[in-house]
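Undergrad: Next comes the structure file coords22.txt, holding compact mmCIF, C-alpha atoms.
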```txt
# COMPACT_ATOMS: atom_id res chain seq x y z
CA MET A 179 -32.06 59.28 -111.10
CA THR A 180 -32.31 59.85 -107.34
CA GLY A 181 -30.92 56.36 -106.68
CA SER A 182 -27.65 57.21 -108.38
CA ILE A 183 -27.42 60.51 -106.54
CA SER A 184 -27.96 58.65 -103.26
CA ALA A 185 -25.18 56.22 -104.19
CA ILE A 186 -22.82 59.11 -104.91
CA GLY A 187 -23.70 60.69 -101.57
CA ALA A 188 -23.12 57.43 -99.71
CA GLY A 189 -19.78 57.04 -101.48
CA LEU A 190 -18.74 60.55 -100.50
CA VAL A 191 -19.72 59.84 -96.90
CA ALA A 192 -17.56 56.70 -96.90
CA ILE A 193 -14.60 58.54 -98.45
CA GLY A 194 -14.92 61.39 -95.94
CA ALA A 195 -15.07 59.01 -92.99
CA GLY A 196 -12.06 57.08 -94.28
CA LEU A 197 -10.03 60.25 -94.71
CA GLY A 198 -11.05 61.52 -91.29
CA ILE A 199 -10.15 58.32 -89.48
CA GLY A 200 -6.90 58.06 -91.44
CA LYS A 201 -5.86 61.58 -90.41
CA LEU A 202 -6.91 60.85 -86.85
CA ALA A 203 -4.84 57.67 -86.69
CA ALA A 204 -1.81 59.36 -88.27
CA SER A 205 -1.95 62.18 -85.75
CA ALA A 206 -2.34 59.74 -82.87
CA MET A 207 0.66 57.72 -84.02
CA GLU A 208 2.73 60.88 -84.28
CA GLY A 209 1.65 61.93 -80.79
CA ILE A 210 2.48 58.51 -79.37
CA ALA A 211 5.88 58.58 -81.07
CA ARG A 212 6.63 61.97 -79.53
CA GLN A 213 5.33 61.15 -76.04
CA PRO A 214 5.14 57.40 -75.41
CA GLU A 215 4.09 57.93 -71.80
CA ALA A 216 0.83 59.55 -73.00
CA THR A 217 -0.18 56.47 -75.02
CA PRO A 218 -3.24 55.44 -72.94
CA LYS A 219 -4.77 58.94 -73.01
CA ILE A 220 -4.10 59.34 -76.73
CA GLN A 221 -5.59 55.93 -77.54
CA VAL A 222 -8.77 56.59 -75.55
CA ASN A 223 -9.28 59.98 -77.20
CA MET A 224 -8.53 58.50 -80.62
CA LEU A 225 -11.10 55.73 -80.16
CA ILE A 226 -13.77 58.16 -78.98
CA ALA A 227 -13.13 60.47 -81.93
CA ALA A 228 -13.15 57.53 -84.38
CA ALA A 229 -16.50 56.37 -82.99
CA LEU A 230 -17.94 59.86 -83.43
CA ILE A 231 -16.68 60.02 -87.02
CA GLU A 232 -18.20 56.62 -87.74
CA GLY A 233 -21.49 57.72 -86.18
CA VAL A 234 -21.67 60.81 -88.36
CA ALA A 235 -20.79 58.72 -91.41
CA LEU A 236 -23.53 56.24 -90.58
CA PHE A 237 -26.11 59.01 -90.21
CA GLY A 238 -24.98 60.50 -93.53
CA ALA A 239 -25.27 57.15 -95.30
CA VAL A 240 -28.73 56.53 -93.82
CA ILE A 241 -29.90 59.96 -94.99
CA CYS A 242 -28.55 59.26 -98.48
CA PHE A 243 -30.39 55.95 -98.67
CA MET A 244 -33.62 57.35 -97.21
CA SER A 245 -33.78 60.01 -99.92
CA LYS A 246 -34.36 57.33 -102.57
```
Is it possible to express this structure as structure tokens?

TA:
Amino acid sequence: MTGSISAIGAGLVAIGAGLGIGKLAASAMEGIARQPEATPKIQVNMLIAAALIEGVALFGAVICFMSK
């Protein structure tokens, strides 16, 4: 039973990370469209935030699989 709960948790982690990165990218594209001269700063901040989201998602998935 705990294996299926871990799989559900890992799936929720993946969905949350996907939604977070999607919202991040959408906001970055909107910011770049409004101020094209700020593109390099926006891209750097977007990539750093995406890496942090992926890191949190990875830790969440590892915790889900370790609880088996």

Undergrad: Between CA of Met207 in chain A and CA of Ala229 in chain A, measure the distance and give it in Å to one decimal.

TA: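 CA of Ala229 in chain A lies at a distance of 17.2 Å from CA of Met207 in chain A.
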
Undergrad: For range 182-189 of chain A, list every protein, DNA or RNA residue within 12 Å, evaluated using all atoms listed in the file, and leave out those in the same chain fewer than 2 positions away; present the list as a PDB file with C-alpha atoms, in the coordinates of the input.

TA:
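Resulting contents of selection-v7.pdb:
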```pdb
ATOM      1  CA  MET A 179     -32.060  59.280-111.100  1.00  0.00           C
ATOM      2  CA  THR A 180     -32.310  59.850-107.340  1.00  0.00           C
ATOM      3  CA  VAL A 191     -19.720  59.840 -96.900  1.00  0.00           C
ATOM      4  CA  ALA A 192     -17.560  56.700 -96.900  1.00  0.00           C
ATOM      5  CA  ILE A 193     -14.600  58.540 -98.450  1.00  0.00           C
ATOM      6  CA  GLY A 194     -14.920  61.390 -95.940  1.00  0.00           C
ATOM      7  CA  ALA A 195     -15.070  59.010 -92.990  1.00  0.00           C
ATOM      8  CA  GLY A 196     -12.060  57.080 -94.280  1.00  0.00           C
ATOM      9  CA  VAL A 234     -21.670  60.810 -88.360  1.00  0.00           C
ATOM     10  CA  ALA A 235     -20.790  58.720 -91.410  1.00  0.00           C
ATOM     11  CA  LEU A 236     -23.530  56.240 -90.580  1.00  0.00           C
ATOM     12  CA  PHE A 237     -26.110  59.010 -90.210  1.00  0.00           C
ATOM     13  CA  GLY A 238     -24.980  60.500 -93.530  1.00  0.00           C
ATOM     14  CA  ALA A 239     -25.270  57.150 -95.300  1.00  0.00           C
ATOM     15  CA  VAL A 240     -28.730  56.530 -93.820  1.00  0.00           C
ATOM     16  CA  ILE A 241     -29.900  59.960 -94.990  1.00  0.00           C
ATOM     17  CA  CYS A 242     -28.550  59.260 -98.480  1.00  0.00           C
ATOM     18  CA  PHE A 243     -30.390  55.950 -98.670  1.00  0.00           C
ATOM     19  CA  MET A 244     -33.620  57.350 -97.210  1.00  0.00           C
ATOM     20  CA  SER A 245     -33.780  60.010 -99.920  1.00  0.00           C
ATOM     21  CA  LYS A 246     -34.360  57.330-102.570  1.00  0.00           C
TER      22      LYS A 246
END
```

Undergrad: Figure out the distance between CA of Ala227 in chain A and CA of Leu190 in chain A, please, to one decimal in Å.

TA: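 Between CA of Leu190 in chain A and CA of Ala227 in chain A the gap works out to 19.4 Å.
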
Undergrad: Of the candidates A:Gly181, A:Ala228, A:Glu215, A:Val222, which one gets nearest to Lys201 in chain A if we count only C-alpha atoms?

TA: A:Ala228

Undergrad: Show me the residues around (-3.7, 59.1, -84.0) - criterion: an atom at most 12 Å away, all atoms listed in the file counted - as a list in words.

TA: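 All residues meeting the 12 Å criterion around (-3.7, 59.1, -84.0) are Gly198, Ile199, Gly200, Lys201, Leu202, Ala203, Ala204, Ser205, Ala206, Met207, Glu208, Gly209, Ile210, Ala211, Arg212, Ala216, Thr217, Pro218, Lys219, Ile220, Gln221, Val222, Asn223, Met224, Leu225, Ile226, Ala227 and Ala228 of chain A.
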
Undergrad: If I only want range 179-193 of chain A, can you write it with all heavy atoms, as a compact mmCIF listing (two decimals), in the first residue's frame?

TA:
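For reference, decode25.txt as written:
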```txt
# COMPACT_ATOMS: atom_id res chain seq x y z
N MET A 179 0.82 -1.20 0.00
CA MET A 179 0.00 0.00 0.00
C MET A 179 0.86 1.27 0.00
O MET A 179 0.52 2.24 -0.63
CB MET A 179 -0.92 -0.03 1.23
CG MET A 179 -1.85 1.14 1.32
SD MET A 179 -3.06 1.07 0.01
CE MET A 179 -3.98 2.52 0.32
N THR A 180 1.98 1.24 0.71
CA THR A 180 2.80 2.45 0.77
C THR A 180 3.46 2.76 -0.57
O THR A 180 3.78 3.92 -0.85
CB THR A 180 3.89 2.34 1.85
OG1 THR A 180 4.70 1.20 1.56
CG2 THR A 180 3.30 2.23 3.23
N GLY A 181 3.67 1.73 -1.41
CA GLY A 181 4.25 1.97 -2.73
C GLY A 181 3.34 2.81 -3.60
O GLY A 181 3.79 3.70 -4.32
N SER A 182 2.03 2.55 -3.52
CA SER A 182 1.10 3.33 -4.34
C SER A 182 0.97 4.76 -3.81
O SER A 182 0.81 5.70 -4.58
CB SER A 182 -0.26 2.65 -4.39
OG SER A 182 -0.81 2.55 -3.08
N ILE A 183 1.06 4.90 -2.50
CA ILE A 183 1.01 6.25 -1.93
C ILE A 183 2.25 7.03 -2.34
O ILE A 183 2.18 8.23 -2.64
CB ILE A 183 0.86 6.19 -0.39
CG1 ILE A 183 -0.51 5.60 -0.04
CG2 ILE A 183 1.03 7.56 0.23
CD1 ILE A 183 -0.71 5.33 1.43
N SER A 184 3.40 6.36 -2.36
CA SER A 184 4.63 7.02 -2.81
C SER A 184 4.53 7.44 -4.26
O SER A 184 4.99 8.53 -4.64
CB SER A 184 5.82 6.08 -2.64
OG SER A 184 6.03 5.79 -1.29
N ALA A 185 3.92 6.60 -5.08
CA ALA A 185 3.75 6.94 -6.50
C ALA A 185 2.82 8.14 -6.67
O ALA A 185 3.08 9.01 -7.51
CB ALA A 185 3.20 5.74 -7.26
N ILE A 186 1.78 8.20 -5.87
CA ILE A 186 0.88 9.36 -5.94
C ILE A 186 1.62 10.63 -5.51
O ILE A 186 1.50 11.69 -6.15
CB ILE A 186 -0.37 9.12 -5.06
CG1 ILE A 186 -1.24 8.04 -5.68
CG2 ILE A 186 -1.16 10.42 -4.88
CD1 ILE A 186 -2.37 7.57 -4.79
N GLY A 187 2.42 10.52 -4.45
CA GLY A 187 3.20 11.68 -4.00
C GLY A 187 4.19 12.14 -5.05
O GLY A 187 4.34 13.35 -5.29
N ALA A 188 4.87 11.19 -5.70
CA ALA A 188 5.83 11.56 -6.74
C ALA A 188 5.11 12.21 -7.93
O ALA A 188 5.62 13.16 -8.53
CB ALA A 188 6.60 10.33 -7.20
N GLY A 189 3.94 11.70 -8.25
CA GLY A 189 3.15 12.30 -9.33
C GLY A 189 2.73 13.72 -9.00
O GLY A 189 2.78 14.62 -9.85
N LEU A 190 2.31 13.94 -7.76
CA LEU A 190 1.93 15.29 -7.34
C LEU A 190 3.12 16.24 -7.37
O LEU A 190 2.97 17.42 -7.73
CB LEU A 190 1.30 15.25 -5.95
CG LEU A 190 -0.08 14.60 -5.85
CD1 LEU A 190 -0.50 14.49 -4.40
CD2 LEU A 190 -1.10 15.38 -6.66
N VAL A 191 4.28 15.73 -6.98
CA VAL A 191 5.50 16.56 -7.05
C VAL A 191 5.78 16.97 -8.49
O VAL A 191 6.09 18.13 -8.78
CB VAL A 191 6.70 15.80 -6.45
CG1 VAL A 191 8.00 16.47 -6.79
CG2 VAL A 191 6.55 15.68 -4.95
N ALA A 192 5.66 16.01 -9.42
CA ALA A 192 5.92 16.31 -10.83
C ALA A 192 4.91 17.31 -11.38
O ALA A 192 5.28 18.24 -12.12
CB ALA A 192 5.89 15.03 -11.65
N ILE A 193 3.65 17.14 -11.02
CA ILE A 193 2.61 18.07 -11.48
C ILE A 193 2.87 19.47 -10.92
O ILE A 193 2.78 20.48 -11.64
CB ILE A 193 1.21 17.57 -11.09
CG1 ILE A 193 0.86 16.34 -11.91
CG2 ILE A 193 0.16 18.66 -11.28
CD1 ILE A 193 -0.40 15.63 -11.46
```
